[in-house]
Amino acid sequence: MNERETEAYLKRIGYEDEIKTDRNCLEKLMEHQLCSIPFENLESFEEGKVPSLESCDIFEKIIIRKRGGYCFELNKLFYEFLGKLGFQVMPVAVRILWKKEKFPPMLHRATIVSLPDGIYYCDVGYGGPGPKRPVKLKDGVHKERDGEFRITVKPENTNGEVLVERRKDEDFLPILRFALIPALEADFEIMNYYCAKAPNVLFTQKRVVSICEPEGSVALTGDVLTIQKEDGSIETKVSESEETIRMWMRFYFGLEY
């Protein structure tokens, strides 16, 4: 990513503050990205395509054409962007455990960022209930506006993988597992193909679009629009036409599709 592309990226996410390679700046960059670039699977679900993971193609799709993407696109672009800004970054392959009845394979991408005070898990490509801020990989509870996450760096029976759990009522339920070793781009190519083509994967079964907002979030799953407000209340709408869905995509997600 060159200087011109970096400037275009900053403009796309609306970031105008000073760039520093510290936690505060990292958190702001994540927030701006999550509130500006939607998570979406339209290329695989509606077009039947496998999204390209070539850096130039991802940049053209998300920054130039102002589309969104899913984890392999969003987190790769963010990883390269952070690296250009001077952050020490490492890509990791992740297991999504949330509400899974069977133990899942690694089918998600995220980024580890090393800062002077420790290492952080960063994820701008999980359209579900994952953490929306940098999570320090230190045993304990990480609190955000939208939830609490318990981190166990060296749990038993996880084959050396870090475990992240999310609070649900009085319990903590597993949500993420990953090893602190760099994943290879070739591995993500296989995961990407599987997520775009396997008939038993959510992304091939229904339309999934979501975006964060300063006061909540908006998600479109199939023909159901869910708006979560700042006070935690949820408004749900069901579309009866493709015209309404296209209008929602323009209004809530900035997608001309």
# chains A, B, ... in the order shown; residues from 1 in each chain; ligands from 1
>>> residues_around(residues="Tyr121 in chain A", least_positions_apart="4", cutoff="7 Å", atoms="only C-alpha atoms", output="compact mmCIF listing (two decimals) with N, CA and C atoms, in the first residue's frame")
# COMPACT_ATOMS: atom_id res chain seq x y z
N THR A 111 -6.23 -9.93 13.07
CA THR A 111 -4.88 -9.36 13.12
C THR A 111 -4.41 -9.21 14.56
N ILE A 112 -3.18 -9.57 14.80
CA ILE A 112 -2.53 -9.33 16.08
C ILE A 112 -1.62 -8.11 15.92
N VAL A 113 -1.76 -7.15 16.82
CA VAL A 113 -0.95 -5.93 16.79
C VAL A 113 -0.09 -5.88 18.04
N PRO A 134 -9.66 -3.04 20.18
CA PRO A 134 -8.47 -3.87 20.38
C PRO A 134 -8.56 -4.58 21.73
N VAL A 135 -8.32 -5.87 21.74
CA VAL A 135 -8.40 -6.67 22.96
C VAL A 135 -6.99 -7.08 23.39
N LYS A 136 -6.57 -6.61 24.55
CA LYS A 136 -5.25 -6.99 25.03
C LYS A 136 -5.26 -8.45 25.43
N LEU A 137 -4.28 -9.19 24.93
CA LEU A 137 -4.23 -10.63 25.21
C LEU A 137 -3.54 -10.86 26.54
>>> residues_around(residues="Thr158 in chain A", least_positions_apart="6", cutoff="12 Å", atoms="only C-alpha atoms", output="PyMOL selection string")
chain A and resi 95+103+152+164+174+176-179
>>> select_by_dssp(residues="range 64-196 of chain A", states="alpha helix (DSSP H)", output="number ranges by chain")
A: 71-85, 185-196
>>> closest_atom_pairs(of="range 19-84 of chain A", to="range 222-241 of chain A", cutoff="12 Å", atoms="only C-alpha atoms", output="CSV")
residue,atom,partner,partner_atom,distance
A:Glu40,CA,A:Gly222,CA,11.6
A:Asn41,CA,A:Gly222,CA,11.1
A:Leu42,CA,A:Gly222,CA,11.1
A:Phe45,CA,A:Gly222,CA,10.5
A:Glu46,CA,A:Gly222,CA,11.3
>>> select_by_dssp(residues="range 39-242 of chain A", states="strand (DSSP E)", output="mmCIF file with N, CA and C atoms, in the first residue's frame")
data_model
loop_
_atom_site.group_PDB
_atom_site.id
_atom_site.type_symbol
_atom_site.label_atom_id
_atom_site.label_comp_id
_atom_site.auth_asym_id
_atom_site.auth_seq_id
_atom_site.Cartn_x
_atom_site.Cartn_y
_atom_site.Cartn_z
ATOM 1 N N PHE A 39 -19.628 -4.904 6.703
ATOM 2 C CA PHE A 39 -19.413 -6.330 6.475
ATOM 3 C C PHE A 39 -20.496 -6.772 5.500
ATOM 4 N N GLU A 40 -20.135 -7.485 4.432
ATOM 5 C CA GLU A 40 -21.154 -7.973 3.501
ATOM 6 C C GLU A 40 -20.639 -9.126 2.659
ATOM 7 N N GLN A 88 3.251 -2.918 14.169
ATOM 8 C CA GLN A 88 3.761 -4.274 14.025
ATOM 9 C C GLN A 88 2.562 -5.226 14.028
ATOM 10 N N VAL A 89 2.356 -5.912 12.915
ATOM 11 C CA VAL A 89 1.137 -6.697 12.748
ATOM 12 C C VAL A 89 1.447 -8.125 12.329
ATOM 13 N N MET A 90 0.505 -9.010 12.640
ATOM 14 C CA MET A 90 0.618 -10.421 12.284
ATOM 15 C C MET A 90 -0.778 -10.964 11.978
ATOM 16 N N PRO A 91 -0.970 -11.625 10.827
ATOM 17 C CA PRO A 91 -2.276 -12.220 10.533
ATOM 18 C C PRO A 91 -2.450 -13.545 11.272
ATOM 19 N N VAL A 92 -3.659 -13.794 11.751
ATOM 20 C CA VAL A 92 -3.940 -15.062 12.428
ATOM 21 C C VAL A 92 -5.220 -15.678 11.884
ATOM 22 N N ALA A 93 -5.240 -17.007 11.862
ATOM 23 C CA ALA A 93 -6.443 -17.759 11.503
ATOM 24 C C ALA A 93 -7.208 -18.068 12.789
ATOM 25 N N VAL A 94 -8.528 -17.952 12.729
ATOM 26 C CA VAL A 94 -9.361 -17.992 13.930
ATOM 27 C C VAL A 94 -10.499 -19.000 13.774
ATOM 28 N N ARG A 95 -10.809 -19.666 14.877
ATOM 29 C CA ARG A 95 -12.005 -20.509 14.929
ATOM 30 C C ARG A 95 -13.147 -19.682 15.530
ATOM 31 N N ILE A 96 -14.284 -19.658 14.877
ATOM 32 C CA ILE A 96 -15.471 -19.017 15.432
ATOM 33 C C ILE A 96 -16.284 -20.083 16.168
ATOM 34 N N HIS A 108 -11.752 -17.994 9.737
ATOM 35 C CA HIS A 108 -11.850 -16.555 9.978
ATOM 36 C C HIS A 108 -10.446 -15.968 10.022
ATOM 37 N N ARG A 109 -10.320 -14.707 9.636
ATOM 38 C CA ARG A 109 -9.043 -14.003 9.674
ATOM 39 C C ARG A 109 -9.147 -12.808 10.612
ATOM 40 N N ALA A 110 -8.076 -12.574 11.375
ATOM 41 C CA ALA A 110 -7.978 -11.390 12.229
ATOM 42 C C ALA A 110 -6.513 -10.953 12.274
ATOM 43 N N THR A 111 -6.229 -9.933 13.071
ATOM 44 C CA THR A 111 -4.883 -9.357 13.120
ATOM 45 C C THR A 111 -4.412 -9.209 14.560
ATOM 46 N N ILE A 112 -3.175 -9.574 14.798
ATOM 47 C CA ILE A 112 -2.530 -9.327 16.085
ATOM 48 C C ILE A 112 -1.622 -8.110 15.917
ATOM 49 N N VAL A 113 -1.757 -7.154 16.822
ATOM 50 C CA VAL A 113 -0.946 -5.931 16.792
ATOM 51 C C VAL A 113 -0.085 -5.883 18.044
ATOM 52 N N SER A 114 1.210 -5.710 17.858
ATOM 53 C CA SER A 114 2.143 -5.626 18.985
ATOM 54 C C SER A 114 2.398 -4.161 19.335
ATOM 55 N N LEU A 115 2.108 -3.801 20.576
ATOM 56 C CA LEU A 115 2.355 -2.454 21.087
ATOM 57 C C LEU A 115 3.322 -2.549 22.266
ATOM 58 N N GLY A 118 2.022 -4.562 25.196
ATOM 59 C CA GLY A 118 1.517 -5.917 25.018
ATOM 60 C C GLY A 118 1.000 -6.154 23.618
ATOM 61 N N ILE A 119 0.354 -7.305 23.426
ATOM 62 C CA ILE A 119 -0.192 -7.644 22.117
ATOM 63 C C ILE A 119 -1.721 -7.601 22.168
ATOM 64 N N TYR A 120 -2.306 -7.221 21.032
ATOM 65 C CA TYR A 120 -3.746 -6.992 20.961
ATOM 66 C C TYR A 120 -4.363 -7.754 19.796
ATOM 67 N N TYR A 121 -5.558 -8.284 20.036
ATOM 68 C CA TYR A 121 -6.359 -8.917 18.995
ATOM 69 C C TYR A 121 -7.247 -7.847 18.379
ATOM 70 N N CYS A 122 -7.186 -7.689 17.045
ATOM 71 C CA CYS A 122 -7.986 -6.685 16.346
ATOM 72 C C CYS A 122 -8.771 -7.356 15.224
ATOM 73 N N VAL A 135 -8.315 -5.874 21.737
ATOM 74 C CA VAL A 135 -8.404 -6.672 22.960
ATOM 75 C C VAL A 135 -6.995 -7.077 23.391
ATOM 76 N N LYS A 136 -6.575 -6.610 24.546
ATOM 77 C CA LYS A 136 -5.254 -6.989 25.031
ATOM 78 C C LYS A 136 -5.261 -8.452 25.431
ATOM 79 N N GLY A 140 -8.091 -12.163 31.803
ATOM 80 C CA GLY A 140 -9.006 -11.245 32.466
ATOM 81 C C GLY A 140 -10.187 -10.918 31.579
ATOM 82 N N VAL A 141 -10.967 -9.923 32.002
ATOM 83 C CA VAL A 141 -12.189 -9.541 31.295
ATOM 84 C C VAL A 141 -11.982 -8.213 30.568
ATOM 85 N N HIS A 142 -12.328 -8.201 29.303
ATOM 86 C CA HIS A 142 -12.269 -7.008 28.456
ATOM 87 C C HIS A 142 -13.693 -6.496 28.298
ATOM 88 N N LYS A 143 -13.946 -5.245 28.700
ATOM 89 C CA LYS A 143 -15.291 -4.685 28.654
ATOM 90 C C LYS A 143 -15.416 -3.668 27.527
ATOM 91 N N GLU A 144 -16.539 -3.754 26.808
ATOM 92 C CA GLU A 144 -16.880 -2.802 25.765
ATOM 93 C C GLU A 144 -18.308 -2.341 25.971
ATOM 94 N N GLY A 147 -20.577 -5.373 25.194
ATOM 95 C CA GLY A 147 -20.416 -6.682 25.814
ATOM 96 C C GLY A 147 -19.140 -6.823 26.613
ATOM 97 N N GLU A 148 -19.022 -7.971 27.271
ATOM 98 C CA GLU A 148 -17.833 -8.303 28.048
ATOM 99 C C GLU A 148 -17.222 -9.590 27.496
ATOM 100 N N PHE A 149 -15.894 -9.597 27.414
ATOM 101 C CA PHE A 149 -15.178 -10.734 26.855
ATOM 102 C C PHE A 149 -14.113 -11.187 27.849
ATOM 103 N N ARG A 150 -14.062 -12.488 28.077
ATOM 104 C CA ARG A 150 -13.047 -13.047 28.972
ATOM 105 C C ARG A 150 -11.948 -13.687 28.139
ATOM 106 N N ILE A 151 -10.715 -13.295 28.427
ATOM 107 C CA ILE A 151 -9.564 -13.788 27.686
ATOM 108 C C ILE A 151 -8.773 -14.744 28.561
ATOM 109 N N THR A 152 -8.452 -15.907 28.016
ATOM 110 C CA THR A 152 -7.580 -16.871 28.690
ATOM 111 C C THR A 152 -6.462 -17.206 27.716
ATOM 112 N N VAL A 162 -5.336 -19.413 22.177
ATOM 113 C CA VAL A 162 -5.945 -18.425 23.062
ATOM 114 C C VAL A 162 -7.460 -18.576 22.976
ATOM 115 N N LEU A 163 -8.139 -18.478 24.112
ATOM 116 C CA LEU A 163 -9.595 -18.599 24.148
ATOM 117 C C LEU A 163 -10.217 -17.258 24.524
ATOM 118 N N VAL A 164 -11.193 -16.827 23.733
ATOM 119 C CA VAL A 164 -11.970 -15.626 24.032
ATOM 120 C C VAL A 164 -13.417 -16.047 24.220
ATOM 121 N N GLU A 165 -13.999 -15.635 25.340
ATOM 122 C CA GLU A 165 -15.393 -15.949 25.639
ATOM 123 C C GLU A 165 -16.188 -14.661 25.790
ATOM 124 N N ARG A 166 -17.479 -14.736 25.509
ATOM 125 C CA ARG A 166 -18.359 -13.576 25.648
ATOM 126 C C ARG A 166 -19.395 -13.836 26.735
ATOM 127 N N ARG A 167 -19.651 -12.816 27.530
ATOM 128 C CA ARG A 167 -20.656 -12.975 28.593
ATOM 129 C C ARG A 167 -22.049 -13.034 27.981
ATOM 130 N N LYS A 168 -22.807 -14.022 28.428
ATOM 131 C CA LYS A 168 -24.219 -14.134 28.085
ATOM 132 C C LYS A 168 -24.958 -14.445 29.362
ATOM 133 N N ASP A 171 -23.179 -16.337 32.414
ATOM 134 C CA ASP A 171 -22.107 -17.228 31.983
ATOM 135 C C ASP A 171 -21.219 -16.567 30.929
ATOM 136 N N PHE A 172 -20.039 -17.124 30.747
ATOM 137 C CA PHE A 172 -19.176 -16.769 29.630
ATOM 138 C C PHE A 172 -19.174 -17.951 28.660
ATOM 139 N N LEU A 173 -19.514 -17.681 27.416
ATOM 140 C CA LEU A 173 -19.577 -18.724 26.403
ATOM 141 C C LEU A 173 -18.457 -18.535 25.385
ATOM 142 N N PRO A 174 -17.852 -19.621 24.894
ATOM 143 C CA PRO A 174 -16.736 -19.497 23.947
ATOM 144 C C PRO A 174 -17.164 -18.836 22.647
ATOM 145 N N ILE A 175 -16.304 -17.933 22.155
ATOM 146 C CA ILE A 175 -16.613 -17.236 20.910
ATOM 147 C C ILE A 175 -15.483 -17.340 19.891
ATOM 148 N N LEU A 176 -14.203 -17.303 20.354
ATOM 149 C CA LEU A 176 -13.061 -17.317 19.452
ATOM 150 C C LEU A 176 -11.923 -18.155 20.015
ATOM 151 N N ARG A 177 -11.177 -18.800 19.113
ATOM 152 C CA ARG A 177 -9.925 -19.466 19.484
ATOM 153 C C ARG A 177 -8.913 -19.270 18.370
ATOM 154 N N PHE A 178 -7.671 -19.008 18.757
ATOM 155 C CA PHE A 178 -6.631 -18.826 17.742
ATOM 156 C C PHE A 178 -5.261 -19.026 18.374
ATOM 157 N N VAL A 208 -25.980 -11.340 4.078
ATOM 158 C CA VAL A 208 -25.556 -10.873 5.397
ATOM 159 C C VAL A 208 -24.818 -9.538 5.229
ATOM 160 N N VAL A 209 -25.381 -8.484 5.783
ATOM 161 C CA VAL A 209 -24.763 -7.155 5.722
ATOM 162 C C VAL A 209 -24.883 -6.530 7.105
ATOM 163 N N SER A 210 -23.803 -5.911 7.586
ATOM 164 C CA SER A 210 -23.886 -5.254 8.889
ATOM 165 C C SER A 210 -22.880 -4.114 8.976
ATOM 166 N N ILE A 211 -23.176 -3.172 9.856
ATOM 167 C CA ILE A 211 -22.257 -2.056 10.081
ATOM 168 C C ILE A 211 -22.470 -1.534 11.502
ATOM 169 N N CYS A 212 -21.392 -1.057 12.104
ATOM 170 C CA CYS A 212 -21.487 -0.440 13.422
ATOM 171 C C CYS A 212 -21.856 1.038 13.269
ATOM 172 N N GLU A 213 -22.474 1.578 14.295
ATOM 173 C CA GLU A 213 -22.752 2.994 14.366
ATOM 174 C C GLU A 213 -22.290 3.499 15.731
ATOM 175 N N GLY A 216 -24.896 2.351 18.090
ATOM 176 C CA GLY A 216 -25.479 1.019 17.994
ATOM 177 C C GLY A 216 -24.956 0.267 16.791
ATOM 178 N N SER A 217 -25.848 -0.448 16.095
ATOM 179 C CA SER A 217 -25.455 -1.197 14.908
ATOM 180 C C SER A 217 -26.696 -1.499 14.083
ATOM 181 N N VAL A 218 -26.447 -1.848 12.803
ATOM 182 C CA VAL A 218 -27.525 -2.228 11.898
ATOM 183 C C VAL A 218 -27.093 -3.491 11.167
ATOM 184 N N ALA A 219 -28.001 -4.447 11.025
ATOM 185 C CA ALA A 219 -27.690 -5.693 10.328
ATOM 186 C C ALA A 219 -28.855 -6.107 9.449
ATOM 187 N N LEU A 220 -28.517 -6.619 8.273
ATOM 188 C CA LEU A 220 -29.509 -7.181 7.362
ATOM 189 C C LEU A 220 -29.153 -8.639 7.146
ATOM 190 N N THR A 221 -30.025 -9.534 7.604
ATOM 191 C CA THR A 221 -29.809 -10.964 7.450
ATOM 192 C C THR A 221 -30.989 -11.537 6.688
ATOM 193 N N VAL A 224 -34.432 -9.618 6.809
ATOM 194 C CA VAL A 224 -34.732 -9.034 8.125
ATOM 195 C C VAL A 224 -33.694 -7.984 8.487
ATOM 196 N N LEU A 225 -34.163 -6.775 8.745
ATOM 197 C CA LEU A 225 -33.295 -5.680 9.162
ATOM 198 C C LEU A 225 -33.398 -5.526 10.677
ATOM 199 N N THR A 226 -32.238 -5.527 11.351
ATOM 200 C CA THR A 226 -32.203 -5.393 12.810
ATOM 201 C C THR A 226 -31.401 -4.149 13.179
ATOM 202 N N ILE A 227 -32.035 -3.244 13.902
ATOM 203 C CA ILE A 227 -31.383 -2.005 14.331
ATOM 204 C C ILE A 227 -31.231 -2.044 15.845
ATOM 205 N N GLN A 228 -29.987 -2.062 16.302
ATOM 206 C CA GLN A 228 -29.718 -2.035 17.738
ATOM 207 C C GLN A 228 -29.359 -0.618 18.142
ATOM 208 N N ILE A 234 -33.922 -3.057 20.502
ATOM 209 C CA ILE A 234 -33.771 -3.572 19.149
ATOM 210 C C ILE A 234 -35.059 -3.368 18.349
ATOM 211 N N GLU A 235 -34.906 -2.823 17.160
ATOM 212 C CA GLU A 235 -36.022 -2.649 16.234
ATOM 213 C C GLU A 235 -35.823 -3.596 15.056
ATOM 214 N N THR A 236 -36.875 -4.307 14.689
ATOM 215 C CA THR A 236 -36.777 -5.281 13.603
ATOM 216 C C THR A 236 -37.785 -4.960 12.503
ATOM 217 N N LYS A 237 -37.313 -5.039 11.261
ATOM 218 C CA LYS A 237 -38.177 -4.834 10.109
ATOM 219 C C LYS A 237 -38.000 -5.996 9.149
ATOM 220 N N VAL A 238 -39.084 -6.399 8.499
ATOM 221 C CA VAL A 238 -39.032 -7.477 7.520
ATOM 222 C C VAL A 238 -39.417 -6.916 6.155
#
>>> atom_distance(atom1="CA of Thr204 in chain A", atom2="CA of Lys102 in chain A")
19.2 Å
